[in-house]
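One structure is given below, encoded as structure tokens.
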Amino acid sequence: MSFSTDLKNELALVYPEKDCCRIAEIAGFVRTAGSVLPGRGGFGLRLATDIPAVARHYKKLFKDYFRIDPVLTIGESDAPGRAGKSGKPRRYMLTVRYEDGGEMILRETGMLLVKGGGNSLTDGIYQELIKTKCCRKAMLRGAFLGSGSMADPEKEYHLEFTVNSEILANDLRRLIRTFVDLSAKVVKRRSKYVVYMKKSAYIADTLALMGAHTSYLEMEELFVRRQTLNKVVRATNCDSANVDRAIDAAEKQIAAIESLKARGLYDGLPYKLREIAEVRAENPEASLTQLGEMLDPPLKKSGVNNRLKKLMELAGTL
């Protein structure tokens with residue numbers, strides 16, 4: 001099961017407590033997953049989803065809010081999903097005919113308005129339904145359950161809504177931007193319009209706003225793991241670089257000592273320089289601090305470094 005499916009299953013468990021939020025969420029789902037059915041005397045409505053939990057969720061919402069029980073049918077889907085007996089993914093459809101109240105639903109969700117004395121199908125988000133923050137959250141959740149998808153954050157950060165019109169895409173982007181520090185972009189993909197975000201912080205905030213708290217916490221845990229791993233990698237790289245520099249410096253110091261010996265200058269060196277030279281030659285992998293502890297009396301790191309630099313100056317290698 002994909003991360004996106006898990007996310008929708010989680011969101012399908014979020015049930016709006018207030019009527020204003022219920023109709024806002026229904027409107028978000030109807031607008032993104034619904035299609036208008038012509039009927040005798042008016043219009044009906046059909047909603048489609050590949051996830052059974054989502055179908056059950058909206059069947060209950062329609063019953064509670066509209067006192068209407070949509071007809072549930074199961075067909076075959078072209079989208080990837082759980083395979084049925086035929087071996088093909090299932091498609092769950094909720095249908096409300098005109099005579100059962102389909103046109104009433106279309107009117108209350110803002111998809112069907114009276115214009116010029118007649119019915120007019122609209123394209124966009126009905127602004128009367130999203131005047132409060134709680135209703136905007138509900139609308140966003142409904143839109144995601146209808147047309148949203150999200151990549152596995154272990155692989156990439158990408159959340160999107162795929163809709164049929166540019167007007168709806170821009171309305172959805174404006175809805176997202178009503179929340180503080182949240183933004184999205186719109187792109188046309190073939191005949192569809194995609195509202196998307198790729199910034200991890202935006203995606204995490206969107207999950208929290210929609211009510212997907214478990215998925216949000218999973219993302220936060222992933223952030224922490226990645227930050228910890230990055231710190232470990234940086235520290236390891238730093239340590240490796242320090243070791244490489246220390247080894248390179250030790251090799252140059254030993255080469256300088258050998259040069260002084262080859263030129264007959266070593267025996268005439270002051271005792272302190274010959275002492276550090278012997279300790280370094282016998283301990284090529286030791287750090288400056290360790291070399292200082294081997295001397296009698298012990299010497300601090302800066303003192304060891306000064307003596308070795310003096311040796312290299314005398315050898316003409318510095």
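Ordered as shown in the structure tokens, chains take letters A, B, and onward, while each chain numbers its residues from 1 and ligands are numbered from 1 in the order shown.
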Quiz prompt | Those of segment 90-175 of chain A in DSSP strand (DSSP E or B), formatted as number ranges by chain | solution = A: 90-96, 112-115, 118-121, 148-150, 159-163
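Compared by their closest atoms to Lys300 of chain A, and using only C-alpha atoms, the residues A:Leu288, A:Ala277, A:Leu11, A:Leu61 rank with A:Leu288 nearest.
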Exercise. Name the closest residue to Met219 of chain A among the candidates A:Ile203, A:Ala33, A:Leu295, A:Leu45; distances are taken between atoms, counting only C-alpha atoms.
Key: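 Of A:Ile203, A:Ala33, A:Leu295, A:Leu45, the one nearest Met219 of chain A is A:Ile203, counting only C-alpha atoms.
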Quiz item: If you count only C-alpha atoms, which residues fall within 9 Å of segment 147-160 of chain A, apart from same-chain ones fewer than 3 positions away, as a list in words?
Solution: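 Everything that qualifies: Ser2, Phe3, Ser4, Thr5, Leu7, Lys8, Phe29, Thr32, Ala33, Thr49, Gly142, Ala143, Phe144, Val163, Ala184, Val194, Val195, Tyr196, Met197, Lys198, Lys199, Ser200, Ile203, Met219 and Leu222 of chain A.
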Quiz prompt | Residues flagged helix (DSSP H, G or I) by DSSP in segment 126-229 of chain A, as a PyMOL selection string | solution = chain A and resi 127-129+133-147+166-177+200-210+213-229
Quiz prompt | Å distance separating atom CA of Leu106 of chain A from atom CA of Pro38 of chain A, one decimal place | solution =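 Separation of atom CA of Leu106 of chain A and atom CA of Pro38 of chain A: 12.0 Å.
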Self-check item: Separation of atom CA of Phe62 of chain A from atom CA of Ser215 of chain A, in Å and rounded to one decimal
Solution: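 So the two atoms, atom CA of Phe62 of chain A and atom CA of Ser215 of chain A, lie 26.2 Å apart.
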Quiz item: Which is closest to Val71 of chain A among A:Pro89, A:Gly44, A:Pro270, A:Gly264, if we use only C-alpha atoms?
Solution: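 With only C-alpha atoms as the atom set, the closest residue is A:Gly44.
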Quiz item: Could you pull the residues within 9 Å of Leu140 of chain A, counting only C-alpha atoms, minus those fewer than 6 positions along the same chain, as a list of chain:residue names?
Solution: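 The filter keeps A:Ala24, A:Glu25, A:Gly28, A:Phe29, A:Leu172, A:Leu175, A:Ile176, A:Thr206, A:Leu209, A:Met210.
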Quiz prompt | Which residue of A:Thr132, A:Thr214, A:Gln253, A:Ser259 approaches Asn283 of chain A most closely, using only C-alpha atoms | solution =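 Result for the nearest residue to Asn283 of chain A: A:Gln253.
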Quiz item: Which residue out of A:Ala138, A:Ile51, A:Ala250, A:Leu72 has the minimum interatomic distance to Glu17 of chain A when only C-alpha atoms are used?
Solution: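 Counting only C-alpha atoms, the residue closest to Glu17 of chain A is A:Ala138.
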So which residues touch Leu121 of chain A within 12 Å, counting only C-alpha atoms, skipping near sequence neighbours fewer than 3 positions away, as a PDB file with N, CA, C and O atoms, in the first residue's frame?
```pdb
ATOM      1  N   ARG A  31     -16.261  18.777  -5.605  1.00  0.00           N
ATOM      2  CA  ARG A  31     -15.641  19.586  -6.656  1.00  0.00           C
ATOM      3  C   ARG A  31     -14.500  18.844  -7.346  1.00  0.00           C
ATOM      4  O   ARG A  31     -14.282  19.008  -8.557  1.00  0.00           O
ATOM      5  N   SER A  35     -18.794  14.297 -10.682  1.00  0.00           N
ATOM      6  CA  SER A  35     -19.216  14.602 -12.051  1.00  0.00           C
ATOM      7  C   SER A  35     -20.731  14.775 -12.054  1.00  0.00           C
ATOM      8  O   SER A  35     -21.454  14.111 -11.290  1.00  0.00           O
ATOM      9  N   VAL A  36     -21.214  15.677 -12.900  1.00  0.00           N
ATOM     10  CA  VAL A  36     -22.638  16.007 -12.959  1.00  0.00           C
ATOM     11  C   VAL A  36     -23.338  15.040 -13.903  1.00  0.00           C
ATOM     12  O   VAL A  36     -22.858  14.760 -15.007  1.00  0.00           O
ATOM     13  N   LEU A  37     -24.480  14.510 -13.452  1.00  0.00           N
ATOM     14  CA  LEU A  37     -25.259  13.575 -14.256  1.00  0.00           C
ATOM     15  C   LEU A  37     -26.564  14.238 -14.685  1.00  0.00           C
ATOM     16  O   LEU A  37     -27.387  14.602 -13.830  1.00  0.00           O
ATOM     17  N   PRO A  38     -26.790  14.417 -15.973  1.00  0.00           N
ATOM     18  CA  PRO A  38     -28.075  14.956 -16.435  1.00  0.00           C
ATOM     19  C   PRO A  38     -29.192  13.973 -16.096  1.00  0.00           C
ATOM     20  O   PRO A  38     -29.020  12.753 -16.178  1.00  0.00           O
ATOM     21  N   GLY A  42     -33.532  17.774 -14.124  1.00  0.00           N
ATOM     22  CA  GLY A  42     -32.417  18.421 -13.436  1.00  0.00           C
ATOM     23  C   GLY A  42     -31.160  17.565 -13.458  1.00  0.00           C
ATOM     24  O   GLY A  42     -30.993  16.710 -14.326  1.00  0.00           O
ATOM     25  N   PHE A  43     -30.307  17.817 -12.491  1.00  0.00           N
ATOM     26  CA  PHE A  43     -28.999  17.169 -12.476  1.00  0.00           C
ATOM     27  C   PHE A  43     -28.838  16.243 -11.272  1.00  0.00           C
ATOM     28  O   PHE A  43     -29.358  16.499 -10.195  1.00  0.00           O
ATOM     29  N   GLU A 103     -29.492  17.417  -7.268  1.00  0.00           N
ATOM     30  CA  GLU A 103     -29.390  18.838  -7.608  1.00  0.00           C
ATOM     31  C   GLU A 103     -29.280  19.698  -6.361  1.00  0.00           C
ATOM     32  O   GLU A 103     -28.574  20.714  -6.350  1.00  0.00           O
ATOM     33  N   LEU A 106     -25.681  19.703  -5.394  1.00  0.00           N
ATOM     34  CA  LEU A 106     -24.906  20.555  -6.298  1.00  0.00           C
ATOM     35  C   LEU A 106     -25.092  22.030  -5.950  1.00  0.00           C
ATOM     36  O   LEU A 106     -24.141  22.816  -6.000  1.00  0.00           O
ATOM     37  N   ARG A 107     -26.292  22.412  -5.588  1.00  0.00           N
ATOM     38  CA  ARG A 107     -26.552  23.820  -5.241  1.00  0.00           C
ATOM     39  C   ARG A 107     -25.877  24.194  -3.918  1.00  0.00           C
ATOM     40  O   ARG A 107     -25.266  25.248  -3.800  1.00  0.00           O
ATOM     41  N   THR A 109     -23.305  22.890  -2.464  1.00  0.00           N
ATOM     42  CA  THR A 109     -21.835  22.882  -2.547  1.00  0.00           C
ATOM     43  C   THR A 109     -21.316  23.954  -3.496  1.00  0.00           C
ATOM     44  O   THR A 109     -20.103  24.105  -3.646  1.00  0.00           O
ATOM     45  N   GLY A 110     -22.216  24.690  -4.143  1.00  0.00           N
ATOM     46  CA  GLY A 110     -21.795  25.786  -5.011  1.00  0.00           C
ATOM     47  C   GLY A 110     -21.448  25.386  -6.423  1.00  0.00           C
ATOM     48  O   GLY A 110     -20.960  26.217  -7.200  1.00  0.00           O
ATOM     49  N   MET A 111     -21.717  24.147  -6.797  1.00  0.00           N
ATOM     50  CA  MET A 111     -21.418  23.718  -8.167  1.00  0.00           C
ATOM     51  C   MET A 111     -22.516  24.128  -9.139  1.00  0.00           C
ATOM     52  O   MET A 111     -22.283  24.217 -10.346  1.00  0.00           O
ATOM     53  N   LEU A 112     -23.702  24.374  -8.637  1.00  0.00           N
ATOM     54  CA  LEU A 112     -24.831  24.761  -9.481  1.00  0.00           C
ATOM     55  C   LEU A 112     -25.488  26.000  -8.888  1.00  0.00           C
ATOM     56  O   LEU A 112     -25.969  25.974  -7.758  1.00  0.00           O
ATOM     57  N   LEU A 113     -25.487  27.093  -9.643  1.00  0.00           N
ATOM     58  CA  LEU A 113     -26.054  28.354  -9.178  1.00  0.00           C
ATOM     59  C   LEU A 113     -27.068  28.864 -10.192  1.00  0.00           C
ATOM     60  O   LEU A 113     -27.062  28.468 -11.368  1.00  0.00           O
ATOM     61  N   VAL A 114     -27.912  29.752  -9.734  1.00  0.00           N
ATOM     62  CA  VAL A 114     -28.871  30.383 -10.632  1.00  0.00           C
ATOM     63  C   VAL A 114     -28.219  31.625 -11.237  1.00  0.00           C
ATOM     64  O   VAL A 114     -27.716  32.491 -10.518  1.00  0.00           O
ATOM     65  N   LYS A 115     -28.219  31.689 -12.561  1.00  0.00           N
ATOM     66  CA  LYS A 115     -27.610  32.817 -13.251  1.00  0.00           C
ATOM     67  C   LYS A 115     -28.430  33.124 -14.500  1.00  0.00           C
ATOM     68  O   LYS A 115     -28.694  32.234 -15.313  1.00  0.00           O
ATOM     69  N   GLY A 118     -31.567  31.038 -14.969  1.00  0.00           N
ATOM     70  CA  GLY A 118     -31.487  29.593 -15.179  1.00  0.00           C
ATOM     71  C   GLY A 118     -30.325  28.992 -14.426  1.00  0.00           C
ATOM     72  O   GLY A 118     -29.525  29.691 -13.783  1.00  0.00           O
ATOM     73  N   GLY A 124     -14.924  26.242  -9.756  1.00  0.00           N
ATOM     74  CA  GLY A 124     -14.102  26.889  -8.749  1.00  0.00           C
ATOM     75  C   GLY A 124     -14.628  26.575  -7.364  1.00  0.00           C
ATOM     76  O   GLY A 124     -15.595  25.827  -7.196  1.00  0.00           O
ATOM     77  N   TYR A 126     -16.554  27.482  -4.009  1.00  0.00           N
ATOM     78  CA  TYR A 126     -17.636  28.349  -3.560  1.00  0.00           C
ATOM     79  C   TYR A 126     -17.182  29.062  -2.286  1.00  0.00           C
ATOM     80  O   TYR A 126     -17.072  28.467  -1.218  1.00  0.00           O
TER      81      TYR A 126
END
```
Would you list the contacts of Cys20 of chain A as a PDB file with C-alpha atoms, in the first residue's frame, taking every protein, DNA or RNA residue within 12 Å and counting only C-alpha atoms, but skipping same-chain residues closer than 5 positions in sequence?
```pdb
ATOM      1  CA  GLU A  25     -15.417  19.074   3.221  1.00  0.00           C
ATOM      2  CA  ILE A  26     -18.211  17.609   1.103  1.00  0.00           C
ATOM      3  CA  ALA A  27     -17.852  20.532  -1.316  1.00  0.00           C
ATOM      4  CA  TYR A  65     -25.719  16.223   6.572  1.00  0.00           C
ATOM      5  CA  GLU A 108     -25.459  23.687  -1.610  1.00  0.00           C
ATOM      6  CA  THR A 109     -21.835  22.882  -2.547  1.00  0.00           C
ATOM      7  CA  GLU A 128     -19.310  31.238   0.938  1.00  0.00           C
ATOM      8  CA  LEU A 129     -18.256  27.866   2.364  1.00  0.00           C
ATOM      9  CA  ILE A 130     -14.744  28.845   3.457  1.00  0.00           C
ATOM     10  CA  LYS A 131     -15.194  31.996   5.522  1.00  0.00           C
ATOM     11  CA  THR A 132     -13.655  30.464   8.650  1.00  0.00           C
ATOM     12  CA  LYS A 133     -10.318  28.717   9.185  1.00  0.00           C
ATOM     13  CA  CYS A 134     -11.913  25.442  10.289  1.00  0.00           C
ATOM     14  CA  CYS A 135     -13.968  25.333   7.091  1.00  0.00           C
ATOM     15  CA  ARG A 136     -10.906  26.058   4.949  1.00  0.00           C
ATOM     16  CA  LYS A 137      -9.154  23.101   6.594  1.00  0.00           C
ATOM     17  CA  ALA A 138     -12.175  20.900   5.896  1.00  0.00           C
ATOM     18  CA  MET A 139     -12.340  22.061   2.264  1.00  0.00           C
TER      19      MET A 139
END
```
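Atom CA of Asn9 of chain A is found 14.7 Å from atom CA of Lys59 of chain A.
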